[in-house]
>>> print(open('protein_33.txt').read())   # compact mmCIF, C-alpha atoms
# COMPACT_ATOMS: atom_id res chain seq x y z
CA MET A 13 23.55 -31.21 -72.91
CA ARG A 14 21.99 -34.35 -71.52
CA VAL A 15 25.42 -36.04 -71.45
CA ILE A 16 26.95 -33.03 -69.66
CA ASP A 17 24.06 -32.97 -67.15
CA LYS A 18 24.55 -36.66 -66.45
CA VAL A 19 28.30 -36.21 -65.88
CA LEU A 20 27.69 -33.21 -63.58
CA ARG A 21 25.06 -35.12 -61.62
CA THR A 22 27.51 -38.05 -61.16
CA ILE A 23 30.19 -35.68 -59.87
CA VAL A 24 27.77 -34.01 -57.46
CA ASP A 25 26.55 -37.41 -56.19
CA ARG A 26 30.13 -38.46 -55.50
CA ILE A 27 30.90 -35.22 -53.67
CA VAL A 28 27.79 -35.64 -51.51
CA LYS A 29 28.71 -39.24 -50.78
CA ILE A 30 32.27 -38.28 -49.79
CA ASN A 31 31.13 -35.38 -47.62
CA SER A 32 28.62 -37.60 -45.84
CA ASN A 33 31.56 -39.62 -44.56
CA PRO A 34 34.32 -37.02 -44.11
CA SER A 35 36.50 -39.25 -41.90
CA GLY A 36 36.78 -41.89 -44.61
CA MET A 37 35.56 -44.43 -42.07
CA PRO A 38 34.40 -47.58 -43.89
CA PRO A 39 31.06 -49.16 -42.99
CA LEU A 40 31.00 -52.13 -40.61
CA ARG A 41 31.19 -55.41 -42.51
CA GLU A 42 29.01 -58.04 -40.89
CA ALA A 43 30.26 -60.88 -43.09
CA GLY A 44 32.27 -63.33 -41.02
CA ALA A 45 31.18 -61.86 -37.70
CA GLN A 46 29.70 -65.20 -36.67
CA LEU A 47 33.14 -66.77 -37.13
CA SER A 48 34.86 -64.37 -34.73
CA PRO A 49 35.77 -65.21 -31.12
CA LYS A 50 33.47 -63.97 -28.40
CA LEU A 51 34.77 -60.82 -26.74
CA PRO A 52 35.05 -61.19 -22.95
CA GLU A 53 32.71 -59.32 -20.69
CA THR A 54 34.91 -57.12 -18.55
CA SER A 55 34.54 -54.18 -16.22
CA LYS A 56 38.17 -53.18 -16.64
CA GLU A 57 38.77 -49.64 -17.83
CA SER A 58 40.29 -49.20 -21.26
CA ILE A 59 43.65 -47.71 -22.21
CA GLN A 60 43.05 -44.16 -23.40
CA GLY A 61 44.24 -44.50 -26.97
CA ASP A 62 44.49 -46.85 -29.93
CA ILE A 63 46.78 -49.74 -30.87
CA LEU A 64 48.30 -50.66 -34.25
CA PHE A 65 49.25 -54.17 -35.34
CA LEU A 66 51.85 -54.23 -38.14
CA SER A 67 51.77 -57.82 -39.35
CA PRO A 68 52.92 -60.02 -42.25
CA ASP A 69 49.81 -62.22 -41.85
CA LEU A 70 46.55 -61.72 -43.71
CA TRP A 71 43.35 -61.23 -41.75
CA ASP A 72 41.33 -64.43 -42.14
CA VAL A 73 38.15 -65.13 -40.15
CA ASN A 74 38.74 -68.85 -40.67
CA ARG A 75 42.22 -68.77 -39.12
CA TRP A 76 42.68 -67.39 -35.62
CA ALA A 77 46.40 -67.47 -34.83
CA ARG A 78 48.29 -65.39 -32.25
CA LYS A 79 48.38 -62.06 -34.10
CA GLN A 80 44.74 -62.12 -35.14
CA MET A 81 43.46 -63.31 -31.76
CA LEU A 82 45.40 -60.74 -29.73
CA ALA A 83 44.39 -57.92 -32.06
CA TYR A 84 40.72 -58.85 -31.97
CA LEU A 85 40.51 -59.28 -28.19
CA LEU A 86 42.39 -56.04 -27.49
CA GLN A 87 39.25 -54.19 -28.55
CA VAL A 88 38.22 -54.65 -24.91
CA TYR A 89 41.15 -52.53 -23.73
CA PHE A 90 41.77 -49.94 -26.47
CA ASN A 91 39.51 -47.39 -28.11
CA LYS A 92 40.37 -48.70 -31.59
CA VAL A 93 42.48 -51.52 -33.03
CA PHE A 94 44.10 -51.06 -36.46
CA TYR A 95 45.50 -54.26 -38.04
CA SER A 96 47.77 -53.57 -41.01
CA VAL A 97 49.06 -56.30 -43.38
CA ASP A 98 52.38 -55.24 -44.91
CA TYR A 99 52.52 -54.74 -48.65
CA ARG A 100 54.91 -57.65 -49.19
CA HIS A 101 52.28 -60.12 -47.98
CA SER A 102 48.92 -58.43 -48.53
CA GLY A 103 48.47 -59.76 -52.05
CA MET A 104 46.83 -56.42 -52.94
CA THR A 105 47.73 -54.08 -55.80
CA ARG A 106 46.01 -51.17 -54.07
CA PRO A 107 45.46 -50.24 -50.42
CA VAL A 108 42.17 -51.55 -48.98
CA LEU A 109 40.63 -50.58 -45.64
CA ASN A 110 37.81 -52.55 -44.02
CA ARG A 111 36.00 -52.16 -40.71
CA VAL A 112 35.61 -55.70 -39.33
CA ALA A 113 34.21 -54.95 -35.87
CA GLU A 114 32.73 -52.03 -33.98
CA SER A 115 36.15 -50.62 -33.10
CA MET A 116 38.49 -52.60 -35.33
CA TYR A 117 39.95 -51.95 -38.79
CA VAL A 118 41.94 -54.13 -41.17
CA TYR A 119 44.17 -52.43 -43.73
CA ASN A 120 45.95 -54.18 -46.61
CA GLN A 121 48.96 -52.21 -47.82
CA GLY A 122 48.72 -52.50 -51.59
CA VAL A 123 51.13 -50.11 -53.36
CA ARG A 124 50.04 -50.35 -57.05
CA ILE A 125 53.66 -51.06 -58.06
CA ASN A 126 56.01 -54.02 -57.92
CA ARG A 127 56.73 -54.73 -54.26
CA TRP A 128 60.47 -54.88 -55.01
CA ASN A 129 60.45 -51.38 -56.49
CA PRO A 130 62.75 -49.13 -54.39
CA VAL A 131 59.89 -46.66 -53.79
CA ALA A 132 57.40 -49.33 -52.66
CA GLU A 133 58.45 -49.05 -49.01
CA GLU A 134 58.12 -45.26 -49.02
CA THR A 135 54.73 -45.46 -50.75
CA ALA A 136 53.42 -48.04 -48.29
CA SER A 137 54.55 -46.01 -45.28
CA ARG A 138 53.04 -42.81 -46.67
CA ASN A 139 49.72 -44.55 -47.34
CA LEU A 140 49.74 -46.14 -43.88
CA LEU A 141 50.26 -42.77 -42.20
CA GLY A 142 47.50 -41.32 -44.34
CA ARG A 143 45.05 -43.98 -43.16
CA ILE A 144 46.01 -43.49 -39.52
CA LYS A 145 45.50 -39.74 -39.80
CA GLY A 146 42.31 -40.14 -41.82
CA LEU A 147 40.74 -42.27 -39.10
CA LYS A 148 41.97 -39.79 -36.47
CA LEU A 149 43.70 -42.61 -34.59
CA ARG A 150 45.71 -41.80 -31.47
CA PRO A 151 48.13 -44.74 -31.30
CA LYS A 152 49.62 -45.37 -27.88
CA ALA A 153 51.09 -48.76 -28.78
CA ILE A 154 52.32 -50.56 -31.89
CA MET A 155 52.69 -54.35 -32.03
CA ALA A 156 55.29 -55.15 -34.72
CA TYR A 157 56.07 -58.53 -36.25
CA GLN A 158 59.34 -59.14 -38.12
CA PHE A 159 61.96 -56.49 -38.89
CA HIS A 160 60.18 -54.94 -41.88
CA ASN A 161 57.21 -54.00 -39.72
CA TYR A 162 59.46 -52.76 -36.92
CA VAL A 163 60.93 -50.28 -39.42
CA GLN A 164 57.42 -49.10 -40.32
CA ALA A 165 56.59 -48.76 -36.63
CA LYS A 166 59.62 -46.48 -36.16
CA LYS A 167 58.39 -44.26 -39.02
CA VAL A 168 54.92 -44.01 -37.47
CA VAL A 169 56.38 -43.00 -34.10
CA GLU A 170 58.68 -40.42 -35.72
CA GLU A 171 55.76 -38.91 -37.63
CA LEU A 172 53.04 -38.99 -34.98
CA GLY A 173 54.89 -39.04 -31.67
CA GLN A 174 52.09 -38.81 -29.07
CA GLY A 175 54.09 -40.95 -26.64
CA CYS A 176 53.54 -44.06 -28.76
CA LYS A 177 55.58 -47.15 -27.74
CA ILE A 178 56.79 -50.04 -29.92
CA PHE A 179 56.26 -53.65 -28.80
CA TYR A 180 58.09 -56.37 -30.74
CA ASP A 181 56.51 -59.83 -30.71
CA LEU A 182 58.95 -62.71 -31.27
CA THR A 183 56.92 -65.68 -32.50
CA ASP A 184 59.62 -67.66 -34.33
CA ASP A 185 63.37 -67.70 -34.79
CA TRP A 186 63.59 -66.74 -38.44
CA THR A 187 67.40 -66.74 -38.32
CA PHE A 188 67.30 -70.56 -38.43
CA PHE A 189 64.60 -70.80 -41.09
CA PRO A 190 65.33 -73.82 -43.34
CA GLY A 191 66.61 -72.97 -46.80
CA PHE A 192 68.31 -69.70 -45.85
CA SER A 193 71.85 -69.18 -47.10
CA GLU A 194 74.42 -68.28 -44.46
CA GLU A 195 74.46 -64.71 -45.80
CA LYS A 196 70.69 -64.37 -45.50
CA ARG A 197 70.69 -66.00 -42.07
CA GLN A 198 73.27 -63.50 -40.81
CA LYS A 199 71.24 -60.63 -42.28
CA ARG A 200 68.07 -61.80 -40.51
CA PHE A 201 70.02 -62.24 -37.28
CA PHE A 202 71.31 -58.66 -37.47
CA GLU A 203 67.83 -57.30 -38.28
CA GLU A 204 66.14 -59.21 -35.46
CA GLU A 205 68.70 -57.98 -32.95
CA MET A 206 68.15 -54.39 -34.13
CA ALA A 207 64.40 -54.74 -33.62
CA ILE A 208 64.80 -56.34 -30.19
CA LYS A 209 67.21 -53.65 -28.99
CA GLY A 210 65.17 -50.77 -30.41
CA SER A 211 61.73 -51.75 -29.09
CA ASP A 212 60.25 -50.42 -25.86
CA LYS A 213 59.28 -53.95 -24.81
CA VAL A 214 59.71 -57.40 -26.36
CA PHE A 215 57.32 -60.34 -26.03
CA SER A 216 58.53 -63.90 -26.70
CA VAL A 217 56.49 -67.07 -27.18
CA SER A 218 59.15 -69.51 -25.95
CA LYS A 219 61.85 -69.74 -23.31
CA ARG A 220 64.56 -69.92 -25.96
CA LEU A 221 63.41 -66.71 -27.64
CA TYR A 222 62.93 -65.04 -24.26
CA GLY A 223 66.52 -65.87 -23.28
CA TRP A 224 67.78 -64.32 -26.51
CA ALA A 225 65.66 -61.18 -26.15
CA LYS A 226 66.47 -60.66 -22.46
CA LYS A 227 70.21 -60.47 -23.22
CA LEU A 228 69.57 -57.63 -25.68
CA ASN A 229 66.69 -55.78 -24.06
CA ILE A 230 66.00 -55.87 -20.32
CA ASN A 231 62.37 -54.98 -21.05
CA SER A 232 61.58 -58.46 -22.36
CA VAL A 233 58.91 -60.83 -21.09
CA LEU A 234 57.76 -64.37 -21.81
CA LEU A 235 54.26 -64.37 -23.32
CA PRO A 236 53.41 -67.88 -24.57
CA ASN A 237 50.65 -68.83 -26.97
CA ALA A 238 47.18 -69.88 -25.83
CA THR A 239 43.83 -71.29 -26.99
CA ASP A 240 40.23 -70.25 -27.51
CA PHE A 241 39.18 -72.37 -24.55
CA GLU A 242 35.48 -71.50 -24.78
CA LEU A 243 35.45 -72.95 -28.29
CA MET A 244 37.71 -75.95 -27.75
CA LYS A 245 35.92 -77.20 -24.62
CA THR A 246 32.77 -77.74 -26.71
CA THR A 247 34.52 -80.82 -28.11
CA GLN A 248 33.39 -82.57 -24.89
CA GLU A 249 29.76 -81.72 -25.57
CA ASP A 250 27.37 -83.65 -27.76
CA GLY A 251 27.52 -82.07 -31.16
CA PRO A 252 27.94 -82.64 -34.88
CA ILE A 253 30.73 -84.73 -36.36
CA ALA A 254 32.53 -83.56 -39.50
CA ASN A 255 31.24 -85.47 -42.52
CA GLU A 256 34.81 -86.18 -43.68
CA LEU A 257 35.45 -88.30 -40.57
CA LYS A 258 32.24 -90.31 -40.55
CA GLY A 259 32.77 -94.01 -41.20
CA LEU A 260 36.58 -93.92 -40.92
CA LYS A 261 38.30 -96.90 -39.33
CA SER A 262 39.45 -96.50 -35.72
CA PRO A 263 41.78 -95.62 -34.18
CA ILE A 264 41.76 -92.17 -35.78
CA ILE A 265 44.97 -90.16 -35.27
CA GLY A 266 44.71 -86.45 -36.04
CA TYR A 267 46.92 -83.43 -36.68
CA THR A 268 45.79 -79.83 -37.23
CA GLY A 269 47.92 -76.94 -38.44
CA ARG A 270 49.98 -75.77 -41.39
CA ILE A 271 51.65 -78.71 -43.13
CA THR A 272 55.23 -77.68 -43.89
CA PRO A 273 58.29 -79.63 -45.08
CA TRP A 274 60.49 -78.30 -42.23
CA ARG A 275 58.21 -78.52 -39.18
CA LEU A 276 56.83 -82.03 -39.50
CA ASP A 277 58.77 -85.26 -39.09
CA TRP A 278 57.63 -86.92 -42.31
CA GLY A 279 59.53 -90.12 -41.55
CA LEU A 280 57.57 -90.44 -38.31
CA LEU A 281 54.26 -89.86 -40.12
CA GLU A 282 55.12 -92.66 -42.53
CA ARG A 283 55.90 -95.01 -39.66
CA ILE A 284 52.58 -94.15 -37.97
CA ALA A 285 50.72 -94.93 -41.19
CA ASP A 286 52.59 -98.25 -41.50
CA MET A 287 51.78 -99.46 -37.98
CA GLU A 288 50.41 -102.99 -37.86
CA GLU A 289 47.02 -101.72 -36.65
CA LYS A 290 46.78 -99.41 -39.67
CA PRO A 291 45.33 -96.40 -37.80
CA THR A 292 43.58 -93.75 -39.85
CA VAL A 293 45.90 -90.72 -40.04
CA VAL A 294 44.00 -87.46 -40.58
CA MET A 295 45.95 -84.30 -41.53
CA ILE A 296 43.97 -81.04 -41.33
CA GLY A 297 45.53 -77.82 -42.59
CA GLU A 298 46.99 -75.89 -45.49
CA VAL A 299 49.71 -77.78 -47.36
CA HIS A 300 52.82 -75.67 -47.96
CA PRO A 301 54.00 -75.90 -51.63
CA GLY A 302 57.23 -77.48 -50.44
CA SER A 303 55.23 -80.31 -48.85
CA VAL A 304 53.26 -81.33 -51.94
CA SER A 305 55.61 -84.14 -53.02
CA LEU A 306 55.85 -85.43 -49.43
CA ARG A 307 52.06 -85.36 -49.13
CA ASP A 308 51.59 -87.11 -52.49
CA LYS A 309 53.86 -89.94 -51.37
CA LEU A 310 52.08 -90.36 -48.04
CA ILE A 311 48.56 -90.07 -49.45
CA MET A 312 49.19 -93.19 -51.55
CA LYS A 313 48.48 -95.11 -48.35
CA GLU A 314 44.76 -95.85 -47.99
CA ASN A 315 44.70 -95.00 -44.28
CA VAL A 316 46.09 -91.45 -44.73
CA LYS A 317 43.70 -88.53 -45.33
CA PHE A 318 44.69 -84.92 -46.09
CA LEU A 319 41.55 -82.81 -45.62
CA GLY A 320 42.93 -79.32 -46.30
CA PRO A 321 42.33 -76.24 -44.12
CA LYS A 322 39.12 -75.97 -42.09
CA GLU A 323 37.33 -73.08 -40.41
CA TYR A 324 38.74 -72.64 -36.92
CA CYS A 325 35.28 -72.39 -35.39
CA LYS A 326 34.43 -75.87 -36.76
CA LEU A 327 37.49 -77.71 -35.44
CA PRO A 328 35.55 -79.30 -32.53
CA THR A 329 33.47 -81.20 -35.11
CA PHE A 330 36.72 -82.87 -36.20
CA TYR A 331 38.27 -83.29 -32.74
CA ARG A 332 35.20 -85.24 -31.51
CA SER A 333 36.15 -88.14 -33.80
CA LEU A 334 39.84 -88.29 -32.92
CA ASP A 335 41.15 -91.04 -30.67
CA VAL A 336 44.52 -89.27 -30.34
CA CYS A 337 45.78 -85.77 -31.24
CA ILE A 338 49.42 -85.76 -32.37
CA LEU A 339 52.30 -83.31 -32.59
CA PRO A 340 54.81 -85.13 -34.85
CA HIS A 341 57.28 -82.24 -35.06
CA SER A 342 60.95 -82.48 -35.87
CA THR A 343 63.22 -81.66 -32.93
CA ASP A 344 65.73 -79.06 -34.11
CA THR A 345 66.85 -75.48 -33.50
CA GLN A 346 63.94 -73.96 -35.39
CA THR A 347 61.19 -75.95 -33.65
CA ALA A 348 62.93 -75.39 -30.30
CA SER A 349 61.93 -71.71 -30.54
CA MET A 350 58.27 -72.46 -31.34
CA ASP A 351 55.30 -72.66 -28.98
CA PRO A 352 52.71 -74.65 -31.00
CA ILE A 353 49.20 -73.22 -30.64
CA LYS A 354 47.79 -76.61 -31.57
CA LEU A 355 49.05 -78.05 -28.27
CA TYR A 356 46.93 -75.54 -26.35
CA ASP A 357 43.97 -76.29 -28.62
CA TYR A 358 44.45 -80.04 -28.16
CA MET A 359 44.48 -79.63 -24.38
CA GLY A 360 41.30 -77.57 -24.53
CA THR A 361 39.48 -80.37 -26.37
CA GLY A 362 40.26 -82.94 -23.68
CA ARG A 363 41.37 -85.45 -26.33
CA PRO A 364 44.47 -87.57 -25.52
CA ILE A 365 47.76 -86.16 -26.88
CA VAL A 366 51.05 -87.68 -28.01
CA ALA A 367 53.89 -85.30 -28.98
CA THR A 368 57.55 -85.40 -29.85
CA ALA A 369 59.69 -83.86 -27.11
CA VAL A 370 60.01 -80.38 -28.62
CA GLU A 371 61.14 -77.88 -26.02
CA GLU A 372 57.85 -76.05 -25.36
CA ALA A 373 55.87 -79.31 -25.11
CA LYS A 374 57.95 -80.40 -22.11
CA LYS A 375 56.24 -77.88 -19.83
CA PHE A 376 53.01 -79.87 -20.29
CA SER A 377 54.52 -83.32 -19.64
CA ASP A 378 52.03 -83.92 -16.82
CA VAL A 379 49.00 -83.77 -19.15
CA LEU A 380 50.32 -85.28 -22.39
CA ARG A 381 52.62 -88.10 -23.49
CA LEU A 382 56.08 -87.13 -24.79
CA ALA A 383 58.19 -89.26 -27.12
CA ASN A 384 61.98 -89.05 -27.51
CA SER A 385 62.19 -91.31 -30.57
CA HIS A 386 60.07 -92.80 -33.33
CA ASP A 387 59.78 -96.07 -31.43
CA ASP A 388 58.67 -94.18 -28.31
CA PHE A 389 56.05 -92.33 -30.32
CA LEU A 390 54.54 -95.50 -31.77
CA ALA A 391 54.49 -97.21 -28.37
CA LEU A 392 52.80 -94.21 -26.76
CA LEU A 393 50.22 -94.09 -29.53
CA ARG A 394 49.22 -97.70 -28.83
CA GLU A 395 49.14 -97.05 -25.11
CA THR A 396 47.02 -93.95 -25.59
CA TRP A 397 44.31 -95.26 -27.89
CA ARG A 398 43.96 -98.37 -25.71
CA ASP A 399 43.58 -96.31 -22.53
CA LYS A 400 39.89 -96.42 -21.59
CA ASN A 401 40.39 -94.33 -18.44
CA HIS A 402 41.65 -91.10 -19.97
CA ASP A 403 40.66 -88.16 -17.75
CA PRO A 404 40.35 -84.95 -19.82
CA ARG A 405 40.01 -82.63 -16.82
CA PRO A 406 43.70 -81.95 -15.96
CA GLN A 407 44.64 -80.93 -19.48
CA MET A 408 41.46 -78.88 -19.92
CA GLU A 409 42.24 -77.01 -16.70
CA THR A 410 45.72 -76.27 -18.08
CA ALA A 411 44.09 -74.97 -21.27
CA ARG A 412 41.67 -72.82 -19.28
CA GLN A 413 44.59 -71.19 -17.50
CA ASN A 414 46.16 -70.54 -20.91
CA SER A 415 43.18 -69.05 -22.74
CA TRP A 416 43.58 -66.19 -25.23
CA ILE A 417 41.32 -64.10 -23.01
CA ARG A 418 43.73 -64.45 -20.11
CA ARG A 419 46.78 -63.97 -22.36
CA THR A 420 45.32 -60.75 -23.77
CA GLU A 421 44.71 -59.48 -20.25
CA GLN A 422 48.38 -60.14 -19.48
CA LEU A 423 49.44 -58.38 -22.67
CA ALA A 424 47.27 -55.35 -21.92
CA SER A 425 48.78 -55.11 -18.43
CA HIS A 426 52.30 -55.07 -19.84
CA ILE A 427 51.38 -52.44 -22.42
CA ALA A 428 49.66 -50.26 -19.83
CA LEU A 429 52.70 -50.38 -17.55
CA THR A 430 55.04 -49.50 -20.41
CA ILE A 431 53.05 -46.53 -21.69
CA GLY A 432 52.36 -45.31 -18.15
CA ASP A 433 48.61 -45.93 -18.23
CA SER A 434 47.46 -47.13 -14.82
CA THR A 435 43.76 -47.52 -15.66
CA ILE A 436 44.01 -51.27 -16.34
CA LYS A 437 42.82 -53.18 -13.30
CA SER A 438 43.93 -56.80 -13.35
CA ASP A 439 44.40 -59.73 -11.01
CA TYR A 440 47.38 -60.65 -13.17
CA ASP A 441 50.68 -60.26 -11.29
CA GLY A 442 52.81 -59.47 -14.34
CA LYS A 443 54.78 -62.75 -14.22
CA THR A 444 54.06 -64.81 -17.30
CA SER A 445 55.17 -68.40 -16.94
>>> encode(input="protein_33.txt", output="structure tokens")
Amino acid sequence: MRVIDKVLRTIVDRIVKINSNPSGMPPLREAGAQLSPKLPETSKESIQGDILFLSPDLWDVNRWARKQMLAYLLQVYFNKVFYSVDYRHSGMTRPVLNRVAESMYVYNQGVRINRWNPVAEETASRNLLGRIKGLKLRPKAIMAYQFHNYVQAKKVVEELGQGCKIFYDLTDDWTFFPGFSEEKRQKRFFEEEMAIKGSDKVFSVSKRLYGWAKKLNINSVLLPNATDFELMKTTQEDGPIANELKGLKSPIIGYTGRITPWRLDWGLLERIADMEEKPTVVMIGEVHPGSVSLRDKLIMKENVKFLGPKEYCKLPTFYRSLDVCILPHSTDTQTASMDPIKLYDYMGTGRPIVATAVEEAKKFSDVLRLANSHDDFLALLRETWRDKNHDPRPQMETARQNSWIRRTEQLASHIALTIGDSTIKSDYDGKTS
């Protein structure tokens, strides 16, 4: 009888616990809150409804890229923000819902089965709809990234209706992704065009992507990347220096961002390391598996340091030691569609910048140095670290005008216009340049 009583008591306790939280709303998780960007103080009225982000990127409080930053800051404008990581990238074997801010939720679409199973997609969509309904969300807008998430967005709209609109965010040209076969490239091209045509509005990070989208969907706008200016400008203040950079030989040349085999010009990096002055080359960021052999070859040089990924909020402690920030990207079709966030971050720090002449860097030619060849890059590096009269103010002003807070305000204005909500009051004129 004692065993039976214990089992019954456990069942009753669970029922009471469930009933005490009938909405299924998870408790607020304070862990990592200190790593989050500061929400802007605003008197603007909010959009009457919620917004969903359907993303392939994990939620990581140490990495604040475009998707995460826009989702987090949109709390100012929407009642609730729901950020969903698709099951192909969540790394979860079961669905997990967390509340990460007062009005923000992160959902990882685990499906308990192999992600290539034919029923995985149906299971993930059913679970997603269940979470949306369980939280009593009233989605007015869905931000979708990549074709797979556009398809999920269509299913949500078909199921819930409520005048919900789909916004497709073009952040890269995946049709020219290195390593794709011609068959796979054509498939991605067809899928991307379907998503662009079928969305209520399309945002593009670069002029090249905007030109493509505009031909397919007249409701397309250019919405470039940006920076957390309030964080980056602290580089100019007296503050701590990262231990990893203490005692390194000057000049110190630094790069931050994901270290991939297709984005970086590895031949240029080798030439920088082999310069007669032997500058210290510091690479900060996650190393893509395809870059390991390239890294291992370069790291044999004593003046090259790979430091791994760092918390975004601590980047100023690294930037303070850099004599020059570099963007040593390859110049090709794939990088021509990119708008590197690191350029905006670099400008916000006030540190001198040398970049290869990738398309989206050219718009900042008045506040950074652009190289058209390896020889140009090396010459500009020497010129830059020897320049004792560098004025950080022009580039920092450019960064201030391209802050994530301002970019989110622009995004909210576009969304409000598209869904017919006129409550957003903004000085923004709707022309993103």
>>> closest_residue(input="protein_33.txt", among="A:Leu109, A:Ala225, A:Ala369, A:Ala132", to="Asp344 in chain A", atoms="all atoms listed in the file")
A:Ala369
>>> closest_atom_pairs(input="protein_33.txt", of="range 303-350 of chain A", to="range 241-262 of chain A", cutoff="7 Å", atoms="only C-alpha atoms", output="tab-separated table")
residue	atom	partner	partner_atom	distance
A:Pro328	CA	A:Thr247	CA	4.8
A:Thr329	CA	A:Ile253	CA	4.6
A:Phe330	CA	A:Ala254	CA	5.4
A:Tyr331	CA	A:Thr247	CA	6.4
A:Arg332	CA	A:Thr247	CA	5.6
A:Ser333	CA	A:Leu257	CA	6.8
>>> residues_around(input="protein_33.txt", residues="range 348-352 of chain A", least_positions_apart="4", cutoff="10 Å", atoms="only C-alpha atoms", output="VMD selection string")
chain A and resid 182 to 186 188 216 to 222 236 to 238 269 275 339 341 to 344 356 to 357 369 to 373
>>> atom_distance(input="protein_33.txt", atom1="CA of Trp397 in chain A", atom2="CA of Gly266 in chain A")
12.0 Å
>>> residues_around(input="protein_33.txt", residues="Glu133 in chain A", least_positions_apart="6", cutoff="12 Å", atoms="only C-alpha atoms", output="PyMOL selection string")
chain A and resi 98-100+121-127+139-140+160-161+163-164+167
>>> write_last_selection(input="protein_33.txt", atoms="C-alpha atoms", output="compact mmCIF listing (two decimals), in the frame of the given file")
# COMPACT_ATOMS: atom_id res chain seq x y z
CA ASP A 98 52.38 -55.24 -44.91
CA TYR A 99 52.52 -54.74 -48.65
CA ARG A 100 54.91 -57.65 -49.19
CA GLN A 121 48.96 -52.21 -47.82
CA GLY A 122 48.72 -52.50 -51.59
CA VAL A 123 51.13 -50.11 -53.36
CA ARG A 124 50.04 -50.35 -57.05
CA ILE A 125 53.66 -51.06 -58.06
CA ASN A 126 56.01 -54.02 -57.92
CA ARG A 127 56.73 -54.73 -54.26
CA ASN A 139 49.72 -44.55 -47.34
CA LEU A 140 49.74 -46.14 -43.88
CA HIS A 160 60.18 -54.94 -41.88
CA ASN A 161 57.21 -54.00 -39.72
CA VAL A 163 60.93 -50.28 -39.42
CA GLN A 164 57.42 -49.10 -40.32
CA LYS A 167 58.39 -44.26 -39.02
>>> closest_residue(input="protein_33.txt", among="A:Ile63, A:Val316, A:Ile427, A:Ser137", to="Glu170 in chain A", atoms="all atoms listed in the file")
A:Ser137
>>> closest_residue(input="protein_33.txt", among="A:Asn229, A:Thr347, A:Ser415, A:Ser385", to="Gly279 in chain A", atoms="all atoms listed in the file")
A:Ser385
>>> residues_around(input="protein_33.txt", residues="Gly432 in chain A", least_positions_apart="5", cutoff="10 Å", atoms="only C-alpha atoms", output="number ranges by chain")
A: 59, 175, 426-427
>>> atom_distance(input="protein_33.txt", atom1="CA of Phe159 in chain A", atom2="CA of Asn91 in chain A")
26.5 Å
>>> closest_residue(input="protein_33.txt", among="A:Leu306, A:Val379, A:Leu66, A:Ile311", to="Val118 in chain A", atoms="all atoms listed in the file")
A:Leu66
>>> residues_around(input="protein_33.txt", residues="range 150-155 of chain A", least_positions_apart="2", cutoff="10 Å", atoms="all atoms listed in the file", output="PyMOL selection string")
chain A and resi 59-67+79+82-83+90-95+144-145+147-148+157+161-162+164-166+168-169+172-181+211-215+427-428+430-431+433
>>> residues_around(input="protein_33.txt", residues="Met81 in chain A", least_positions_apart="6", cutoff="9 Å", atoms="all atoms listed in the file", output="list in words")
Pro49, Asp240, Trp416 and Thr420 of chain A
>>> closest_residue(input="protein_33.txt", among="A:Leu392, A:Leu334, A:Leu319, A:Met295", to="Gly362 in chain A", atoms="all atoms listed in the file")
A:Leu334
